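Accompanying notes for the structure given below.
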Amino acid sequence: MSQSYNSIKPNVIDDEMLQKAVEEQWPEDIGRLAKSEGIDLKNVTELQLGFRNILQIDNLWQFENLTKLQLDNNIIEKIEALESLVHLVWLDLSFNNIEVIEGLDTLVKLQDLSLYNNRISKIEHMDTLQELQIFSIGKNNLTALEDVVYLRRFKKLRTLNLTGNPFCEEEQYVLFVVAHIPDLVYLDFKRVSDTTRELAVSKYHYLIDPLEHEEAQALAQLEEKLAKQKELEYHKRLDEIHHATSYNIAESKRAEYNEDILQLSETLMTLEIQTADQLEELIKDFEKNIAVIASTFIENVKGMMAQCRDLENRHHEKLLEISINTLEKSVKNELDEDLPDDVRELLVDKTTLVNMVNASHSVHLLKIDMRECDILTNAYRWQASVTGKAFQDEIDRNRNRVKEIFQYIDNLQEQLDNSLQEQLDSIELLEPPE
């Protein structure tokens, strides 16, 4: 898959290699000047270390402002020693011998990551890479298609390359990936079409709906946890105010805690906005599912009513045939049995008989039409009622939640003001008169 270093002498990343790499990527005249005057590695933002037979990543801590790093086409076995590169946006580790995804926790600004052509068997240990937009992990040892679900946490991911992994041979591979990463624009170098997206949602909605529900619950729990942490911090600092011994300290604390309350308010509102956005998406999916259920039911009703009309038409034809035969026999006095008087009254002539049978047929068809109309009207009303209630419930929940946040923040502000005023009053009492 990647290189073997049995016949190649492994290299280490030392100062000489780094110096040479920096000089090579600059224009020749600037490179000579940098070589003569020395290079401040803190100013380097891009570094190319591909095709150098590097076995182990090391000695990169000096590149504090590095944003782009190429380590492709080496013999690296482990992702390590990158924790100081906190400004990294682009990282290429393709064509190496890496088996485990690790050592990326501090790269929170990373947007483009390539692990193409390695020996990785599981997608993991990437939770902090929330800015990730492009991810290439094709031609590895990924066998479990369920591993793709892990990538749902990257809300900004738009381009994904998985081609060349064993699970790509599965028949439903594309639909599974697109269903679980709904915002994906490119998969395996191809744009995801609207048709593919619709098929994916239709096929895997039974898996996606529970996932979205779990994610919404997790977001709510996170919101609650953060709010509790902020509240604990607030009360801790509130206690500090009671121990303030001078007017200046109290006023300083007032400004500091006012800022904390403002940040808490912004955090709670941001979390609520995120919750509302996610619930809006869930409700839209719910609306689509309800529409599918209602459409299926309506089609079934139309099909059954069509069958009823066919039966009524056949019944009408048979009844008309029997009625005319009976009339002819009656005229000839060839009836085998006596007919009731009310039936004999209908056997006046052929025209009257046909009109009566046709009238009966029209009444039956009208009843079928009316019954179909009632059922369809109720189905449409049910669909509108269920989806409308879901949207209205979310609007009410959002309004109540925003109201709760405002009330909570006002309460905190009032507690802070009262506590500070008490502290200032006590300070004034303790100060000796002039």
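As shown in the structure tokens, the chain order sets the letters A, B, ...; within each chain, residues go from 1, and ligands are also counted from 1 in the order they appear.
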DSSP on the backbone: which residues in segment 102-334 of chain A end up as alpha helix (DSSP H)? Give the answer as JSON, numbers by chain.
{"A": [173, 174, 175, 176, 177, 178, 179, 180, 194, 195, 196, 197, 198, 199, 200, 201, 202, 203, 204, 205, 206, 207, 208, 209, 210, 211, 212, 213, 214, 215, 216, 217, 218, 219, 220, 221, 222, 223, 224, 225, 226, 227, 228, 229, 230, 231, 232, 233, 234, 235, 236, 237, 238, 239, 240, 241, 242, 247, 248, 249, 250, 251, 252, 253, 254, 255, 256, 257, 258, 259, 260, 261, 262, 263, 264, 265, 266, 267, 268, 269, 270, 271, 272, 273, 274, 275, 276, 277, 278, 279, 280, 281, 282, 283, 284, 285, 286, 287, 288, 289, 290, 291, 292, 293, 294, 295, 296, 297, 298, 299, 300, 301, 302, 303, 304, 305, 306, 307, 308, 309, 310, 311, 312, 313, 314, 315, 316, 317, 318, 319, 320, 321, 322, 323, 324, 325, 326, 327, 328, 329, 330, 331]}
Within 8 Å of segment 86-91 of chain A, counting only C-alpha atoms, which residues qualify if same-chain residues fewer than 5 places away don't, as a compact mmCIF listing (two decimals) with N, CA and C atoms, in the first residue's frame?
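What landed in result_35.txt:
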```
# COMPACT_ATOMS: atom_id res chain seq x y z
N GLU A 64 5.65 27.78 14.91
CA GLU A 64 4.48 28.16 15.70
C GLU A 64 3.31 28.64 14.84
N ASN A 65 3.61 29.21 13.67
CA ASN A 65 2.55 29.80 12.84
C ASN A 65 2.31 29.03 11.55
N LEU A 66 2.71 27.77 11.54
CA LEU A 66 2.54 26.95 10.34
C LEU A 66 1.05 26.71 10.07
N THR A 67 0.63 26.92 8.81
CA THR A 67 -0.76 26.67 8.42
C THR A 67 -0.89 25.51 7.42
N LYS A 68 0.20 25.20 6.72
CA LYS A 68 0.14 24.14 5.71
C LYS A 68 1.36 23.24 5.86
N LEU A 69 1.12 21.92 5.99
CA LEU A 69 2.21 20.97 6.19
C LEU A 69 2.03 19.75 5.29
N GLN A 70 3.07 19.45 4.48
CA GLN A 70 3.06 18.28 3.61
C GLN A 70 4.07 17.26 4.14
N LEU A 71 3.56 16.07 4.48
CA LEU A 71 4.40 14.97 4.92
C LEU A 71 4.09 13.73 4.10
N THR A 106 -5.13 18.82 19.06
CA THR A 106 -4.92 20.27 19.18
C THR A 106 -5.09 21.01 17.86
N LEU A 107 -5.29 20.30 16.78
CA LEU A 107 -5.37 20.94 15.46
C LEU A 107 -6.81 21.38 15.17
N VAL A 108 -7.33 22.23 16.03
CA VAL A 108 -8.75 22.59 15.98
C VAL A 108 -9.11 23.47 14.78
N LYS A 109 -8.12 24.02 14.09
CA LYS A 109 -8.38 24.87 12.92
C LYS A 109 -8.27 24.10 11.60
N LEU A 110 -7.97 22.82 11.69
CA LEU A 110 -7.72 22.03 10.48
C LEU A 110 -8.97 21.96 9.61
N GLN A 111 -8.80 22.29 8.32
CA GLN A 111 -9.92 22.26 7.36
C GLN A 111 -9.74 21.18 6.29
N ASP A 112 -8.50 20.85 5.98
CA ASP A 112 -8.22 19.90 4.89
C ASP A 112 -7.24 18.85 5.41
N LEU A 113 -7.67 17.59 5.45
CA LEU A 113 -6.83 16.50 5.97
C LEU A 113 -6.81 15.36 4.96
N SER A 114 -5.59 14.93 4.59
CA SER A 114 -5.45 13.77 3.70
C SER A 114 -4.68 12.66 4.39
```
Nearest residue to Leu41 of chain A out of A:Trp61, A:Ser360, A:Lys284, A:Val177, using only C-alpha atoms?
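Of A:Trp61, A:Ser360, A:Lys284, A:Val177, the one nearest Leu41 of chain A, counting only C-alpha atoms, is A:Trp61.
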When distances are computed from only C-alpha atoms, which of A:Lys9, A:Arg153, A:Lys190, A:Lys288 shows the smallest separation from Glu215 of chain A?
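Among A:Lys9, A:Arg153, A:Lys190, A:Lys288, it is A:Arg153 that comes nearest to Glu215 of chain A.
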Å distance separating atom CA of Ile375 of chain A from atom CA of Thr387 of chain A, one decimal place:
18.5 Å
All residues 12 Å or closer to Leu199 of chain A, only C-alpha atoms, same chain fewer than 6 positions away omitted, as a PyMOL selection string
chain A and resi 172+174-179+182+192-193+205
List as a JSON list (two decimals) with N, CA, C and O atoms, in the first residue's frame the protein and nucleic acid residues near His361 of chain A, meaning an atom at most 9 Å away when only C-alpha atoms are counted, but skip any in the same chain fewer than 6 places from it.
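And here's result_13.json as it stands now:
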```json
[["chain", "number", "residue", "atom", "x", "y", "z"],
["A", 312, "GLU", "N", -68.83, -1.96, -9.02],
["A", 312, "GLU", "CA", -70.16, -1.38, -9.24],
["A", 312, "GLU", "C", -70.52, -1.42, -10.72],
["A", 312, "GLU", "O", -71.69, -1.71, -11.08],
["A", 313, "ASN", "N", -69.57, -1.15, -11.60],
["A", 313, "ASN", "CA", -69.85, -1.19, -13.05],
["A", 313, "ASN", "C", -70.21, -2.61, -13.49],
["A", 313, "ASN", "O", -71.16, -2.80, -14.27],
["A", 315, "HIS", "N", -71.40, -4.93, -11.52],
["A", 315, "HIS", "CA", -72.69, -5.22, -10.91],
["A", 315, "HIS", "C", -73.82, -4.59, -11.73],
["A", 315, "HIS", "O", -74.87, -5.21, -11.96],
["A", 316, "HIS", "N", -73.62, -3.36, -12.17],
["A", 316, "HIS", "CA", -74.63, -2.66, -12.98],
["A", 316, "HIS", "C", -74.89, -3.40, -14.29],
["A", 316, "HIS", "O", -76.07, -3.60, -14.68]]
```
Å distance separating atom CA of Gln263 of chain A from atom CA of Gln130 of chain A, one decimal place:
21.5 Å
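Counting from atom CA of Leu93 of chain A, the distance to atom CA of Asn53 of chain A is 12.7 Å.
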